[in-house]
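A.B. asks: Here you go, one structure.
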Amino acid sequence: MIPFLDLKAQYQSIKPEIDAAVSKILESSQFVLGEEVAAFESDFAAYCGTTHAVAVNSGTSALHLALLAAGVGPGDEVITIPFTFVATVSAICYTGATPVFVDVEQASLTMDPAQLEAAITPRTKAILPVHLYGQMADMDAILTVANRHGIPVVEDACQAHGAEYHGHRAGSLGVSGCFSFYPGKNLGAYGEGGIVVTSNDEHAKKIRMLRDWGQEKRYHHVLKGFNYRMDGMQGAILRVKLRYLEQWTEARRAHARQYNALLRGSRLETPQELAGRRHVYHIYAVRTGQRDQLQRLLQAEGVQTGLHYPIPVHLQEAHRDLGYHRGDFPQSEAAADQVLSLPMFPEMTPSRVEQVAVAARQETSVY
């Protein structure tokens, strides 16, 4: 069986360093925040090209706090896309604001800037593009519209660690950027974790207070905050893993190039790396009108695959109250029906990539 993801292989490759980092936390007993989390914040801010990084307990929490720092609250609207993981929309709802959707572009599956202006109303308080699957949205076009209306842009970069847009790292172009360190992410913790990066001093200060019960200092609660702190263990682990992120990213990109070459001329539509962007391939999603059949056939051949995401958020029962219907966002709906994620992780060997691609190509040839 070729797994969709192999976290054990990655751990084995850096086991001595991880074990030492965990042991250091156990010896120091700095189990919540602490020196290792602070050091990781500094390292990750430098990696992203921002002044600040504030570590929290999940990517969802990062989105929630970044929106609050941007002034989003009850009665406001936040524009985002429906083809994303539900956490993007949930974070908007946590603030009391209303999610407003625009469709995605066919080529990138990220926010279509051409539809953005029409979605803006006097209640629009933020724009939340999603850098889906590891490729950044068209930030120049999005920021042009946002700046014209004086609306802050918060980047959902939860799948885009190290992705770039014309030389700028994900998270560095909006007023803030939000990342998840869920274990399967390109930079994953051994549990939950997240972070907000920003070069806005006031936003960073507010997010630091909000993550820790709104405290400016111990027992001085300036804001009504949350218990969103990062564990010391996760900070120590992520600090080790960050040193390998570029190496792992280049391995992912090499696998993607091999997939592209082997699947060229097949009936599968492979992901595009658009001009000026560095795709980090958190997900390698192909498209086919016979997605479910292909998934079954690959499973029978011993290849695990994934679905990201089979139901767009505007069609989820939990968000029926938003009033959207099938047909409202045709690009998102088409993608939800067609995408299939092939195995993608740094430790894959070229022979396994070839095995997956050959199997996928053979199965689609019989359609």
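Each chain of the structure tokens is named A, B, ... in the order shown, its residues numbered from 1; ligands are numbered from 1 in display order.
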List the spatial neighbours of Ser23 (chain A) as a VMD selection string - criterion: any atom at most 10 Å away, only C-alpha atoms, same-chain residues fewer than 5 positions off excluded.

C.D. replies: chain A and resid 17 to 18 28 to 29 233 236

A.B. asks: How would the residues just chosen look if you wrote them out with C-alpha atoms as a short mmCIF file (atom, residue, chain, number, x, y, z; two decimals), in the first residue's frame?

C.D. replies:
```cif
data_model
loop_
_atom_site.label_atom_id
_atom_site.label_comp_id
_atom_site.auth_asym_id
_atom_site.auth_seq_id
_atom_site.Cartn_x
_atom_site.Cartn_y
_atom_site.Cartn_z
CA GLU A 17 16.69 16.05 17.21
CA ILE A 18 13.00 15.69 18.00
CA SER A 28 12.37 22.53 31.88
CA SER A 29 8.65 21.93 32.56
CA MET A 233 6.24 20.85 23.37
CA ALA A 236 10.12 22.93 20.48
#
```

A.B. asks: With a distance cut-off of 8 Å and only C-alpha atoms, select the neighbouring residues of Ile120 (chain A), excluding the residue or stretch itself and same-chain residues fewer than 4 positions from it, and output the selection as a list in words.

C.D. replies: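 Listed by chain and then number, they are Ile79, Leu116 and Thr124 of chain A.
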
A.B. asks: In Å to one decimal, how far is CA of His52 (chain A) from CA of Leu65 (chain A)?

C.D. replies: 14.2 Å

A.B. asks: Could you write out, as a list in words, all the residues of region 69-125 of chain A that DSSP marks as alpha helix (DSSP H)?

C.D. replies: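 Residues of region 69-125 of chain A classed as alpha helix (DSSP H): Ala69, Ala87, Thr88, Val89, Ser90, Ala91, Ile92, Cys93, Tyr94, Leu116, Glu117, Ala118 and Ala119 of chain A.
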
A.B. asks: Enumerate, in order of chain and increasing residue number, the residues of region 75-168 of chain A with an atom no farther than 12 Å from region 267-273 of chain A, each with its shortest atom pair and distance in Å to one decimal, counting only C-alpha atoms, as a Markdown table.

C.D. replies:
```
| residue | atom | partner | partner_atom | distance |
| --- | --- | --- | --- | --- |
| A:Glu105 | CA | A:Gln272 | CA | 11.8 |
| A:Gln106 | CA | A:Gln272 | CA | 10.2 |
| A:Ala107 | CA | A:Gln272 | CA | 6.7 |
| A:Ser108 | CA | A:Gln272 | CA | 6.8 |
| A:Leu109 | CA | A:Pro271 | CA | 9.5 |
| A:Thr110 | CA | A:Gln272 | CA | 11.8 |
| A:Leu132 | CA | A:Pro271 | CA | 11.4 |
| A:Tyr133 | CA | A:Pro271 | CA | 9.6 |
| A:Gly134 | CA | A:Glu273 | CA | 9.9 |
| A:Gln135 | CA | A:Glu273 | CA | 7.4 |
| A:Met136 | CA | A:Glu273 | CA | 9.8 |
| A:Ala137 | CA | A:Glu273 | CA | 11.2 |
| A:Ala163 | CA | A:Glu273 | CA | 10.9 |
| A:Glu164 | CA | A:Glu273 | CA | 11.0 |
| A:Tyr165 | CA | A:Glu273 | CA | 10.9 |
```

A.B. asks: Only C-alpha atoms, please: the residues just picked out, written as a compact mmCIF listing (two decimals), in the first residue's frame.

C.D. replies:
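Written output follows (part39.txt):
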```
# COMPACT_ATOMS: atom_id res chain seq x y z
CA GLU A 105 -10.55 30.79 -10.43
CA GLN A 106 -10.54 27.59 -12.46
CA ALA A 107 -6.76 27.45 -12.85
CA SER A 108 -5.68 28.06 -9.27
CA LEU A 109 -8.80 27.26 -7.20
CA THR A 110 -8.06 30.44 -5.24
CA LEU A 132 -5.36 26.63 -1.29
CA TYR A 133 -3.34 23.41 -1.63
CA GLY A 134 -0.05 25.34 -1.27
CA GLN A 135 -0.36 28.05 -3.94
CA MET A 136 -0.98 31.68 -3.11
CA ALA A 137 -3.98 33.58 -4.42
CA ALA A 163 4.69 29.49 -0.70
CA GLU A 164 5.64 32.66 -2.56
CA TYR A 165 4.03 35.31 -4.73
```

A.B. asks: If DSSP is run on the backbone, what residues of region 215-281 of chain A are strand (DSSP E or B)? A reply as a PDB file with C-alpha atoms, in the first residue's frame would be ideal.

C.D. replies:
```
ATOM      1  CA  GLN A 215      -3.795  39.697  29.734  1.00  0.00           C
ATOM      2  CA  GLU A 216      -1.408  42.589  29.268  1.00  0.00           C
ATOM      3  CA  LYS A 217       0.519  41.124  32.182  1.00  0.00           C
ATOM      4  CA  HIS A 220      -4.289  42.216  34.331  1.00  0.00           C
ATOM      5  CA  HIS A 221      -7.038  41.402  31.837  1.00  0.00           C
ATOM      6  CA  ASN A 227      -7.175  30.197  26.029  1.00  0.00           C
ATOM      7  CA  ARG A 229      -1.820  29.384  23.838  1.00  0.00           C
ATOM      8  CA  ASP A 231       2.077  24.145  24.104  1.00  0.00           C
ATOM      9  CA  GLU A 269      -5.946  17.641 -15.320  1.00  0.00           C
ATOM     10  CA  ARG A 277       4.208  31.864  -7.720  1.00  0.00           C
ATOM     11  CA  ARG A 278       5.992  29.158  -5.810  1.00  0.00           C
TER      12      ARG A 278
END
```

A.B. asks: Do a neighbour search on Val240 (chain A) at 12 Å with only C-alpha atoms, toss out local chain neighbours closer than 3 positions, and write the hits as a compact mmCIF listing (two decimals) with N, CA and C atoms, in the first residue's frame.

C.D. replies:
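Generated output (result_2.txt):
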```txt
# COMPACT_ATOMS: atom_id res chain seq x y z
N TYR A 11 9.27 11.45 11.02
CA TYR A 11 9.79 11.41 12.39
C TYR A 11 11.09 10.62 12.44
N SER A 13 13.31 10.27 10.27
CA SER A 13 14.43 10.97 9.62
C SER A 13 15.06 12.03 10.51
N ILE A 14 14.33 12.51 11.53
CA ILE A 14 14.86 13.56 12.41
C ILE A 14 14.69 13.17 13.89
N LYS A 15 14.56 11.89 14.15
CA LYS A 15 14.23 11.39 15.49
C LYS A 15 15.17 11.90 16.58
N PRO A 16 16.50 11.85 16.41
CA PRO A 16 17.36 12.30 17.51
C PRO A 16 17.12 13.77 17.90
N GLU A 17 16.91 14.64 16.91
CA GLU A 17 16.69 16.05 17.21
C GLU A 17 15.34 16.28 17.87
N ILE A 18 14.33 15.56 17.40
CA ILE A 18 13.00 15.69 18.00
C ILE A 18 13.01 15.18 19.43
N ASP A 19 13.61 14.03 19.64
CA ASP A 19 13.65 13.46 20.99
C ASP A 19 14.39 14.38 21.96
N ALA A 20 15.46 15.01 21.49
CA ALA A 20 16.20 15.94 22.34
C ALA A 20 15.36 17.17 22.67
N ALA A 21 14.61 17.67 21.69
CA ALA A 21 13.76 18.84 21.92
C ALA A 21 12.65 18.53 22.91
N VAL A 22 12.05 17.36 22.78
CA VAL A 22 10.99 16.95 23.71
C VAL A 22 11.56 16.78 25.12
N GLU A 36 10.93 28.03 24.26
CA GLU A 36 10.98 27.38 22.95
C GLU A 36 9.90 27.92 22.02
N VAL A 37 8.72 28.22 22.55
CA VAL A 37 7.67 28.82 21.73
C VAL A 37 8.11 30.21 21.27
N ALA A 39 11.14 31.28 20.87
CA ALA A 39 12.21 31.13 19.88
C ALA A 39 11.63 30.71 18.53
N PHE A 40 10.65 29.83 18.56
CA PHE A 40 10.01 29.43 17.30
C PHE A 40 9.30 30.60 16.66
N ASP A 43 11.88 32.60 14.89
CA ASP A 43 12.37 31.89 13.70
C ASP A 43 11.34 31.93 12.57
N PHE A 44 10.07 31.74 12.90
CA PHE A 44 9.05 31.66 11.86
C PHE A 44 8.76 33.04 11.27
N LEU A 187 4.51 21.95 7.38
CA LEU A 187 5.20 22.10 8.66
C LEU A 187 4.18 21.73 9.72
N GLY A 188 4.28 20.52 10.22
CA GLY A 188 3.26 20.00 11.13
C GLY A 188 3.79 19.74 12.52
N ALA A 189 2.96 20.03 13.50
CA ALA A 189 3.28 19.73 14.90
C ALA A 189 2.98 18.27 15.18
N TYR A 190 3.23 17.85 16.41
CA TYR A 190 2.82 16.51 16.85
C TYR A 190 1.60 16.67 17.74
N MET A 233 5.76 22.01 24.13
CA MET A 233 6.24 20.85 23.37
C MET A 233 6.14 21.10 21.87
N GLN A 234 5.01 21.66 21.45
CA GLN A 234 4.82 21.90 20.02
C GLN A 234 5.80 22.96 19.51
N GLY A 235 6.04 23.99 20.30
CA GLY A 235 7.00 25.01 19.90
C GLY A 235 8.39 24.43 19.69
N ALA A 236 8.80 23.55 20.59
CA ALA A 236 10.12 22.93 20.48
C ALA A 236 10.22 22.02 19.26
N ILE A 237 9.17 21.25 19.02
CA ILE A 237 9.15 20.34 17.87
C ILE A 237 9.16 21.13 16.57
N ARG A 243 13.72 23.93 10.46
CA ARG A 243 15.05 23.90 9.83
C ARG A 243 15.07 23.00 8.59
N TYR A 244 14.10 22.09 8.48
CA TYR A 244 14.03 21.16 7.35
C TYR A 244 12.97 21.55 6.33
N LEU A 245 12.21 22.60 6.59
CA LEU A 245 11.06 22.90 5.76
C LEU A 245 11.44 23.14 4.30
```

A.B. asks: Measuring between only C-alpha atoms, which one of A:Ile151, A:Leu5, A:Val54, A:Leu274 shows the shortest distance to Glu77 (chain A)?

C.D. replies: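 Using only C-alpha atoms, the shortest distance to Glu77 (chain A) belongs to A:Ile151.
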
A.B. asks: Measuring atom to atom with only C-alpha atoms, identify which of A:Ala204, A:Ala256, A:Met139, A:Leu297 is nearest to Ala55 (chain A).

C.D. replies: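 Going through A:Ala204, A:Ala256, A:Met139, A:Leu297 one by one, the smallest distance to Ala55 (chain A) is for A:Ala204.
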
A.B. asks: With distances taken over only C-alpha atoms, which residue among A:Gln355, A:Ser61, A:Asn186, A:Thr305 lies nearest Gly225 (chain A)?

C.D. replies: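 So, comparing all the options, the nearest one is A:Ser61.
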
A.B. asks: Taking only C-alpha atoms into account, name the residue in A:Gly59, A:Gly177, A:Gly232, A:Asn147 that is nearest to Lys24 (chain A).

C.D. replies: A:Gly232

A.B. asks: Please provide the set of residues having any atom within 8 Å of Ile127 (chain A), restricted to only C-alpha atoms, with same-chain residues fewer than 5 positions apart removed, written as a PDB file with N, CA and C atoms, in the first residue's frame.

C.D. replies:
```
ATOM      1  N   VAL A  78     -17.222  39.432   6.049  1.00  0.00           N
ATOM      2  CA  VAL A  78     -15.870  39.063   5.612  1.00  0.00           C
ATOM      3  C   VAL A  78     -16.003  38.249   4.329  1.00  0.00           C
ATOM      4  N   ILE A  79     -15.286  38.673   3.297  1.00  0.00           N
ATOM      5  CA  ILE A  79     -15.354  37.988   2.006  1.00  0.00           C
ATOM      6  C   ILE A  79     -14.299  36.894   1.940  1.00  0.00           C
ATOM      7  N   THR A  80     -14.723  35.693   1.561  1.00  0.00           N
ATOM      8  CA  THR A  80     -13.809  34.570   1.386  1.00  0.00           C
ATOM      9  C   THR A  80     -14.350  33.667   0.285  1.00  0.00           C
ATOM     10  N   ALA A 146      -8.790  45.733  -2.423  1.00  0.00           N
ATOM     11  CA  ALA A 146      -8.896  45.976  -0.982  1.00  0.00           C
ATOM     12  C   ALA A 146      -8.417  47.372  -0.616  1.00  0.00           C
ATOM     13  N   ILE A 151      -9.964  48.212   2.919  1.00  0.00           N
ATOM     14  CA  ILE A 151     -10.342  46.981   3.628  1.00  0.00           C
ATOM     15  C   ILE A 151      -9.102  46.131   3.880  1.00  0.00           C
ATOM     16  N   PRO A 152      -8.855  45.712   5.117  1.00  0.00           N
ATOM     17  CA  PRO A 152      -7.679  44.866   5.374  1.00  0.00           C
ATOM     18  C   PRO A 152      -7.823  43.473   4.785  1.00  0.00           C
ATOM     19  N   VAL A 153      -6.690  42.899   4.387  1.00  0.00           N
ATOM     20  CA  VAL A 153      -6.640  41.535   3.866  1.00  0.00           C
ATOM     21  C   VAL A 153      -5.907  40.661   4.875  1.00  0.00           C
ATOM     22  N   VAL A 154      -6.568  39.599   5.295  1.00  0.00           N
ATOM     23  CA  VAL A 154      -5.979  38.589   6.180  1.00  0.00           C
ATOM     24  C   VAL A 154      -5.782  37.328   5.348  1.00  0.00           C
TER      25      VAL A 154
END
```

A.B. asks: For Val286 (chain A), which residue out of A:Ala53, A:Val339, A:Ala261, A:Cys178 is the nearest one, using only C-alpha atoms?

C.D. replies: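 Comparing A:Ala53, A:Val339, A:Ala261, A:Cys178 against Val286 (chain A), the winner is A:Val339.
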
A.B. asks: Which residues are near Asp138 (chain A)? Cut-off 9 Å, only C-alpha atoms, ignore same chain within fewer than 5 positions. Put them as a list in words.

C.D. replies: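 In the requested form, the answer reads Thr110, Met111, Asp112, Pro113, Pro129, Leu143 and Tyr165 of chain A.
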
A.B. asks: If you measure from CA of Phe101 (chain A) to CA of His279 (chain A), what distance in Å do you get, rounded to one decimal?

C.D. replies: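 Straight-line distance from CA of Phe101 (chain A) to CA of His279 (chain A) works out to 23.9 Å.
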
A.B. asks: My list of candidates is A:Gly96, A:Ala254, A:Tyr219, A:Thr88. Which is closest to Glu155 (chain A) when distances are computed with only C-alpha atoms?

C.D. replies: A:Thr88

A.B. asks: Would you work out the distance separating CA of Met1 (chain A) from CA of Ser266 (chain A), expressed in Å to one decimal?

C.D. replies: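 Answer for the CA of Met1 (chain A) to CA of Ser266 (chain A) separation: 23.3 Å.
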
A.B. asks: Mind checking which residues fall within 12 Å of Tyr182 (chain A), counting only C-alpha atoms, ignoring those fewer than 5 positions away in the same chain, and posting them as a PyMOL selection string?

C.D. replies: chain A and resi 7+56-60+158-159+161+187-195+234+238+282

A.B. asks: Report as a Markdown table: every residue of region 86-164 of chain A with an atom at most 12 Å from region 323-326 of chain A, its closest pair of atoms, and their distance in Å to one decimal, counting only C-alpha atoms, with rows sorted by chain and ascending residue number.

C.D. replies:
```
| residue | atom | partner | partner_atom | distance |
| --- | --- | --- | --- | --- |
| A:Thr98 | CA | A:Gly323 | CA | 11.3 |
| A:Pro99 | CA | A:Gly323 | CA | 10.9 |
| A:Val100 | CA | A:Tyr324 | CA | 9.8 |
| A:Phe101 | CA | A:Tyr324 | CA | 9.1 |
| A:Val102 | CA | A:Tyr324 | CA | 11.3 |
```

A.B. asks: Include N, CA and C atoms and write out the residues we just selected as a tab-separated table (two decimals), in the first residue's frame.

C.D. replies:
```tsv
chain	number	residue	atom	x	y	z
A	98	THR	N	-20.53	37.87	9.27
A	98	THR	CA	-21.17	37.01	8.28
A	98	THR	C	-20.20	36.72	7.14
A	99	PRO	N	-20.00	35.44	6.80
A	99	PRO	CA	-19.18	35.11	5.63
A	99	PRO	C	-19.91	35.47	4.34
A	100	VAL	N	-19.20	36.08	3.42
A	100	VAL	CA	-19.72	36.38	2.08
A	100	VAL	C	-18.77	35.73	1.09
A	101	PHE	N	-19.32	34.92	0.18
A	101	PHE	CA	-18.47	34.14	-0.72
A	101	PHE	C	-18.33	34.77	-2.10
A	102	VAL	N	-17.13	34.60	-2.66
A	102	VAL	CA	-16.92	34.78	-4.10
A	102	VAL	C	-16.31	33.48	-4.61
```
